[in-house]
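Notes follow the structure.
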Amino acid sequence: MLRLQELFPHPIIQGPMAGGASTPALVAAVSNAGGLGSLACGMLSPESMLEKAWEIRQACSLPFAMNLFVQKTPSPSAQEIQQACELLQPIWSQLGMSDLPVPTKWCEDFDAQFEALLNVSPAVASFTFGILNQAQIQQLHAAGIVVIGTATHLAEAQAWQELGADAVCLSGVEAGGHRGTFIGQQEAINFTTLELLAQAASVLRSPIIAAGNIVTGEDVVVALSAGAQAVQMGTAFLVTHESGIHPAYKLKLLTTTSDMTRQTRAITGRYARGLDNQFMQLMATVADQVPAYPVQNALTAAIRAAAGKSNNTELMSMWCGQGIARARPMGATELMHNLVSHLTMHMA
Ligand SMILES: Cc1cc2nc3c(=O)[nH]c(=O)nc-3n(C[C@H](O)[C@H](O)[C@H](O)COP(=O)(O)O)c2cc1C
């Protein structure tokens, strides 16, 4: 069985965060501090994956991870697109625009991204939204890449284990960003991180990584004591200085005093947790009518970009986890230092 500690000394993984948060600077800072930084590549072109991996390697010679969404490129009908645009048009008009533009591309081609991943050959590759096939996992292992699969319930964790993944990341319902669910209905799978750990600890042979609502050193200790070999933290790193999110989004996250997050499928077509805002509220009644990810995600991209230009946080997507009120702004190195100091004191 893989011991993650042989790859990186401290049991802390900075979660991959698509949409700009996990910059090469953030990934390098976390790996340099003895954790595992992860570059989110789900929305990156193969060229951009190579470029960013190169930037990481300029700043860090230690292991880091790259993360992909396992997905097929969809081909929605013209009618589906028209219906989806009609649902979004009022919001687009609210921004003072005429017709919502239809993107020419719904997502990056997974096979091309996978090829780029093999080219870079990072120490670790993690996957979400789906599961690989035998040939793909063999290619990764042949390249010496450690594979982490994301699971939101036990059947998914077992599927990754059967496939031969080296570790499984159990993602609780409290986690920020998209649900990784690929077996069953996303809205029906609502296990918390600690519930997942309790279910999996005695059943899974693979090393377990716990994700969801782990923000402080105390949280890390609880997850490790419940059977995790490492933790994956997103929200805590989202507000670090190196995180590349829009400044208005970061400010909003940092001024939140209570738990104002919820899950919605309305913005991207896949359930995701973020700060409640007008975008979520306006779309609430039609959330079950929007096309599945990545079509809705591509269609709302123009709205989110326009909202970003005008610093309008009400029409952005502000993904974050339930632990947001406990996250503090600081450099990623300082956050790592704080977490490791706490661990050293409490896990001796
Ligand atoms: C803004 C944001 C974007 C995310 N993007 C990804 C992603 O691209 N791939 C992935 O596997 N997980 C993604 N996640 C999940 C994180 O990697 C991590 O597992 C999760 O944030 C842990 O829960 P926490 O937010 O409570 O710390 C994202 C999370 C956030 C907050």
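Chains: A, B, ... in order of the structure tokens. Residues: from 1 per chain. Ligands: from 1, in order shown.
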Which residues are near ligand 1 in this structure, taking near to mean any atom at most 7 Å from a ligand atom and counting only C-alpha atoms and all ligand atoms? Format them as an mmCIF file with N, CA and C atoms, in the first residue's frame.
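What landed in selection-v2.cif:
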data_model
loop_
_atom_site.group_PDB
_atom_site.id
_atom_site.type_symbol
_atom_site.label_atom_id
_atom_site.label_comp_id
_atom_site.auth_asym_id
_atom_site.auth_seq_id
_atom_site.Cartn_x
_atom_site.Cartn_y
_atom_site.Cartn_z
ATOM 1 N N GLY A 15 -6.071 21.267 -2.417
ATOM 2 C CA GLY A 15 -7.007 20.748 -3.412
ATOM 3 C C GLY A 15 -6.898 21.504 -4.722
ATOM 4 N N PRO A 16 -7.014 20.771 -5.838
ATOM 5 C CA PRO A 16 -7.046 21.458 -7.131
ATOM 6 C C PRO A 16 -8.292 22.328 -7.189
ATOM 7 N N MET A 17 -8.183 23.526 -7.755
ATOM 8 C CA MET A 17 -9.360 24.402 -7.828
ATOM 9 C C MET A 17 -9.410 25.066 -9.195
ATOM 10 N N ALA A 18 -10.276 24.515 -10.054
ATOM 11 C CA ALA A 18 -10.423 25.056 -11.400
ATOM 12 C C ALA A 18 -11.015 26.459 -11.325
ATOM 13 N N GLY A 19 -10.742 27.252 -12.341
ATOM 14 C CA GLY A 19 -11.310 28.595 -12.376
ATOM 15 C C GLY A 19 -10.327 29.647 -11.890
ATOM 16 N N ALA A 21 -8.041 29.567 -9.105
ATOM 17 C CA ALA A 21 -7.512 29.640 -7.735
ATOM 18 C C ALA A 21 -6.143 28.987 -7.603
ATOM 19 N N ALA A 40 -5.185 22.550 -10.914
ATOM 20 C CA ALA A 40 -6.461 22.158 -11.532
ATOM 21 C C ALA A 40 -6.338 22.336 -13.039
ATOM 22 N N CYS A 41 -6.502 21.243 -13.776
ATOM 23 C CA CYS A 41 -6.345 21.309 -15.236
ATOM 24 C C CYS A 41 -7.650 21.030 -15.963
ATOM 25 N N GLY A 42 -8.721 20.805 -15.212
ATOM 26 C CA GLY A 42 -9.999 20.429 -15.818
ATOM 27 C C GLY A 42 -10.458 21.373 -16.911
ATOM 28 N N ASN A 67 -4.714 17.735 -11.930
ATOM 29 C CA ASN A 67 -6.065 17.197 -11.763
ATOM 30 C C ASN A 67 -6.902 17.404 -13.022
ATOM 31 N N LEU A 68 -7.629 16.371 -13.404
ATOM 32 C CA LEU A 68 -8.504 16.473 -14.585
ATOM 33 C C LEU A 68 -9.939 16.070 -14.262
ATOM 34 N N PHE A 69 -10.873 16.619 -15.043
ATOM 35 C CA PHE A 69 -12.266 16.171 -15.005
ATOM 36 C C PHE A 69 -12.382 15.025 -16.008
ATOM 37 N N SER A 126 -4.717 13.480 -10.127
ATOM 38 C CA SER A 126 -5.993 13.188 -9.477
ATOM 39 C C SER A 126 -7.127 13.464 -10.450
ATOM 40 N N PHE A 127 -8.242 12.765 -10.249
ATOM 41 C CA PHE A 127 -9.355 12.812 -11.195
ATOM 42 C C PHE A 127 -10.671 12.964 -10.458
ATOM 43 N N THR A 128 -11.611 13.670 -11.111
ATOM 44 C CA THR A 128 -12.944 13.821 -10.534
ATOM 45 C C THR A 128 -13.986 13.806 -11.647
ATOM 46 N N THR A 150 -11.367 10.583 -7.051
ATOM 47 C CA THR A 150 -12.287 11.256 -6.120
ATOM 48 C C THR A 150 -13.588 10.467 -6.008
ATOM 49 N N SER A 171 -14.730 12.851 -0.681
ATOM 50 C CA SER A 171 -15.160 14.247 -0.638
ATOM 51 C C SER A 171 -16.552 14.366 -0.023
ATOM 52 N N GLU A 174 -19.820 18.818 2.522
ATOM 53 C CA GLU A 174 -19.483 20.187 2.962
ATOM 54 C C GLU A 174 -18.477 20.857 2.037
ATOM 55 N N ALA A 175 -17.814 20.060 1.183
ATOM 56 C CA ALA A 175 -16.706 20.566 0.371
ATOM 57 C C ALA A 175 -17.132 21.674 -0.588
ATOM 58 N N GLY A 176 -16.204 22.574 -0.867
ATOM 59 C CA GLY A 176 -16.456 23.645 -1.823
ATOM 60 C C GLY A 176 -16.312 23.143 -3.253
ATOM 61 N N GLY A 177 -16.922 23.859 -4.181
ATOM 62 C CA GLY A 177 -16.808 23.517 -5.598
ATOM 63 C C GLY A 177 -17.748 22.389 -5.981
ATOM 64 N N HIS A 178 -17.451 21.757 -7.110
ATOM 65 C CA HIS A 178 -18.362 20.749 -7.665
ATOM 66 C C HIS A 178 -18.323 19.414 -6.940
ATOM 67 N N ALA A 211 -11.583 15.018 2.317
ATOM 68 C CA ALA A 211 -11.803 16.383 1.812
ATOM 69 C C ALA A 211 -13.175 16.875 2.230
ATOM 70 N N GLY A 212 -13.248 18.141 2.622
ATOM 71 C CA GLY A 212 -14.535 18.737 2.964
ATOM 72 C C GLY A 212 -14.564 19.256 4.378
ATOM 73 N N ASN A 213 -14.613 20.587 4.514
ATOM 74 C CA ASN A 213 -14.740 21.238 5.819
ATOM 75 C C ASN A 213 -13.504 21.053 6.696
ATOM 76 N N ILE A 214 -12.350 20.868 6.081
ATOM 77 C CA ILE A 214 -11.101 20.773 6.843
ATOM 78 C C ILE A 214 -10.352 22.086 6.599
ATOM 79 N N VAL A 215 -10.336 22.917 7.613
ATOM 80 C CA VAL A 215 -9.845 24.287 7.441
ATOM 81 C C VAL A 215 -8.692 24.588 8.399
ATOM 82 N N GLN A 232 -7.296 16.783 2.038
ATOM 83 C CA GLN A 232 -7.250 17.680 0.869
ATOM 84 C C GLN A 232 -8.080 18.904 1.214
ATOM 85 N N MET A 233 -7.433 20.067 1.201
ATOM 86 C CA MET A 233 -8.092 21.298 1.623
ATOM 87 C C MET A 233 -8.223 22.273 0.452
ATOM 88 N N GLY A 234 -9.448 22.734 0.198
ATOM 89 C CA GLY A 234 -9.665 23.690 -0.869
ATOM 90 C C GLY A 234 -9.909 25.083 -0.314
ATOM 91 N N THR A 235 -11.004 25.207 0.436
ATOM 92 C CA THR A 235 -11.453 26.511 0.923
ATOM 93 C C THR A 235 -10.361 27.270 1.681
ATOM 94 N N ALA A 236 -9.607 26.573 2.527
ATOM 95 C CA ALA A 236 -8.561 27.264 3.307
ATOM 96 C C ALA A 236 -7.521 27.899 2.376
ATOM 97 N N LEU A 238 -8.114 28.767 -0.763
ATOM 98 C CA LEU A 238 -8.805 29.680 -1.685
ATOM 99 C C LEU A 238 -8.585 31.144 -1.317
ATOM 100 N N TRP A 319 -17.615 29.745 -5.631
ATOM 101 C CA TRP A 319 -17.509 28.410 -5.036
ATOM 102 C C TRP A 319 -16.648 28.447 -3.784
ATOM 103 N N CYS A 320 -17.107 27.800 -2.740
ATOM 104 C CA CYS A 320 -16.336 27.643 -1.506
ATOM 105 C C CYS A 320 -17.078 26.632 -0.633
ATOM 106 N N GLY A 321 -16.386 26.138 0.384
ATOM 107 C CA GLY A 321 -16.980 25.113 1.231
ATOM 108 C C GLY A 321 -17.635 25.680 2.479
ATOM 109 N N GLN A 322 -18.270 24.782 3.226
ATOM 110 C CA GLN A 322 -18.990 25.207 4.439
ATOM 111 C C GLN A 322 -18.064 25.782 5.499
ATOM 112 N N GLY A 323 -16.775 25.494 5.391
ATOM 113 C CA GLY A 323 -15.843 25.982 6.404
ATOM 114 C C GLY A 323 -15.362 27.402 6.164
#
Margin query: Need to verify the contact set: A:Trp160, 10 Å, only C-alpha atoms, exclusion of same-chain residues closer than 6 positions in sequence. Can you return it as a ChimeraX atom specification?
Written below: /A:130-133,147-151,154,166-169,206
Would you put the residues from that selection into a file with all heavy atoms, as a short mmCIF file (atom, residue, chain, number, x, y, z; two decimals), in the first residue's frame?
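Done, and the output landed in again-v6.cif:
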data_model
loop_
_atom_site.label_atom_id
_atom_site.label_comp_id
_atom_site.auth_asym_id
_atom_site.auth_seq_id
_atom_site.Cartn_x
_atom_site.Cartn_y
_atom_site.Cartn_z
N GLY A 130 -15.71 11.49 -12.80
CA GLY A 130 -15.86 10.22 -13.51
C GLY A 130 -14.73 9.30 -13.12
O GLY A 130 -13.97 9.59 -12.18
N ILE A 131 -14.62 8.19 -13.85
CA ILE A 131 -13.57 7.22 -13.53
C ILE A 131 -12.84 6.84 -14.82
O ILE A 131 -13.44 6.85 -15.90
CB ILE A 131 -14.18 5.99 -12.79
CG1 ILE A 131 -13.08 5.06 -12.26
CG2 ILE A 131 -15.17 5.22 -13.67
CD1 ILE A 131 -13.56 4.10 -11.17
N LEU A 132 -11.57 6.52 -14.69
CA LEU A 132 -10.76 6.17 -15.85
C LEU A 132 -11.06 4.74 -16.30
O LEU A 132 -11.74 4.00 -15.60
CB LEU A 132 -9.27 6.26 -15.48
CG LEU A 132 -8.76 7.63 -15.03
CD1 LEU A 132 -7.30 7.52 -14.61
CD2 LEU A 132 -8.92 8.67 -16.14
N ASN A 133 -10.49 4.34 -17.44
CA ASN A 133 -10.56 2.93 -17.82
C ASN A 133 -9.20 2.27 -17.53
O ASN A 133 -8.24 2.94 -17.18
CB ASN A 133 -11.01 2.77 -19.28
CG ASN A 133 -10.05 3.45 -20.26
OD1 ASN A 133 -8.83 3.44 -20.04
ND2 ASN A 133 -10.59 4.03 -21.32
N VAL A 147 -1.89 7.67 -8.82
CA VAL A 147 -3.25 8.06 -9.22
C VAL A 147 -4.18 8.17 -8.01
O VAL A 147 -4.28 7.26 -7.19
CB VAL A 147 -3.84 7.01 -10.20
CG1 VAL A 147 -5.27 7.37 -10.60
CG2 VAL A 147 -2.95 6.89 -11.44
N ILE A 148 -4.87 9.32 -7.94
CA ILE A 148 -5.88 9.54 -6.88
C ILE A 148 -7.24 9.70 -7.56
O ILE A 148 -7.39 10.52 -8.47
CB ILE A 148 -5.57 10.82 -6.06
CG1 ILE A 148 -4.20 10.73 -5.38
CG2 ILE A 148 -6.67 11.06 -5.02
CD1 ILE A 148 -3.78 12.01 -4.66
N GLY A 149 -8.22 8.93 -7.11
CA GLY A 149 -9.58 9.07 -7.64
C GLY A 149 -10.47 9.72 -6.60
O GLY A 149 -10.36 9.44 -5.41
N THR A 150 -11.37 10.58 -7.05
CA THR A 150 -12.29 11.26 -6.12
C THR A 150 -13.59 10.47 -6.01
O THR A 150 -14.15 10.03 -7.02
CB THR A 150 -12.61 12.68 -6.63
OG1 THR A 150 -11.38 13.37 -6.85
CG2 THR A 150 -13.47 13.46 -5.64
N ALA A 151 -14.07 10.32 -4.77
CA ALA A 151 -15.32 9.58 -4.53
C ALA A 151 -16.18 10.35 -3.55
O ALA A 151 -15.67 10.98 -2.62
CB ALA A 151 -15.00 8.20 -3.96
N LEU A 154 -19.18 5.30 -0.90
CA LEU A 154 -18.36 4.10 -0.83
C LEU A 154 -18.25 3.34 -2.15
O LEU A 154 -17.18 2.83 -2.51
CB LEU A 154 -18.91 3.19 0.27
CG LEU A 154 -17.93 2.23 0.92
CD1 LEU A 154 -16.69 2.93 1.41
CD2 LEU A 154 -18.61 1.49 2.06
N ASP A 166 -4.16 4.47 -6.64
CA ASP A 166 -3.22 4.35 -5.51
C ASP A 166 -3.79 4.94 -4.23
O ASP A 166 -3.33 4.60 -3.14
CB ASP A 166 -1.92 5.05 -5.89
CG ASP A 166 -1.33 4.44 -7.15
OD1 ASP A 166 -0.80 3.33 -7.07
OD2 ASP A 166 -1.46 5.06 -8.23
N ALA A 167 -4.75 5.84 -4.35
CA ALA A 167 -5.40 6.44 -3.18
C ALA A 167 -6.76 6.97 -3.61
O ALA A 167 -7.00 7.22 -4.79
CB ALA A 167 -4.55 7.58 -2.61
N VAL A 168 -7.65 7.10 -2.61
CA VAL A 168 -8.99 7.61 -2.91
C VAL A 168 -9.23 8.86 -2.08
O VAL A 168 -8.97 8.87 -0.86
CB VAL A 168 -10.07 6.55 -2.59
CG1 VAL A 168 -11.45 7.11 -2.82
CG2 VAL A 168 -9.86 5.29 -3.43
N CYS A 169 -9.72 9.91 -2.74
CA CYS A 169 -10.06 11.14 -2.02
C CYS A 169 -11.56 11.11 -1.75
O CYS A 169 -12.37 11.14 -2.69
CB CYS A 169 -9.69 12.35 -2.87
SG CYS A 169 -10.20 13.90 -2.12
N SER A 206 -7.23 0.92 0.09
CA SER A 206 -6.44 2.05 -0.44
C SER A 206 -6.28 3.13 0.61
O SER A 206 -7.17 3.32 1.45
CB SER A 206 -7.17 2.68 -1.62
OG SER A 206 -7.61 1.72 -2.51
#
Next item on the list: Going by DSSP on the backbone, which bits of stretch 211-302 of chain A are alpha helix (DSSP H)? Write them as a VMD selection string, please.
Entry: chain A and resid 217 to 225 235 to 238 247 to 255 278 to 283 295 to 302
Notebook entry, point to check: Just asking: which residues within stretch 229-306 of chain A are strand (DSSP E) according to DSSP, as a ChimeraX atom specification?
Noted result: /A:230-233,261-264,272-275
Now that the selection is made, can you save its residues with C-alpha atoms as an mmCIF file, in the first residue's frame?
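File written: out-v8.cif
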data_model
loop_
_atom_site.group_PDB
_atom_site.id
_atom_site.type_symbol
_atom_site.label_atom_id
_atom_site.label_comp_id
_atom_site.auth_asym_id
_atom_site.auth_seq_id
_atom_site.Cartn_x
_atom_site.Cartn_y
_atom_site.Cartn_z
ATOM 1 C CA ALA A 230 -3.916 12.826 4.401
ATOM 2 C CA VAL A 231 -6.378 15.670 3.966
ATOM 3 C CA GLN A 232 -7.250 17.680 0.869
ATOM 4 C CA MET A 233 -8.092 21.298 1.623
ATOM 5 C CA THR A 261 -23.075 28.443 1.291
ATOM 6 C CA ARG A 262 -25.393 26.150 -0.599
ATOM 7 C CA GLN A 263 -25.368 23.703 -3.461
ATOM 8 C CA THR A 264 -26.852 24.446 -6.860
ATOM 9 C CA ALA A 272 -21.525 22.739 -6.715
ATOM 10 C CA ARG A 273 -21.244 24.487 -3.344
ATOM 11 C CA GLY A 274 -20.635 28.197 -3.108
ATOM 12 C CA LEU A 275 -21.684 31.449 -1.468
#
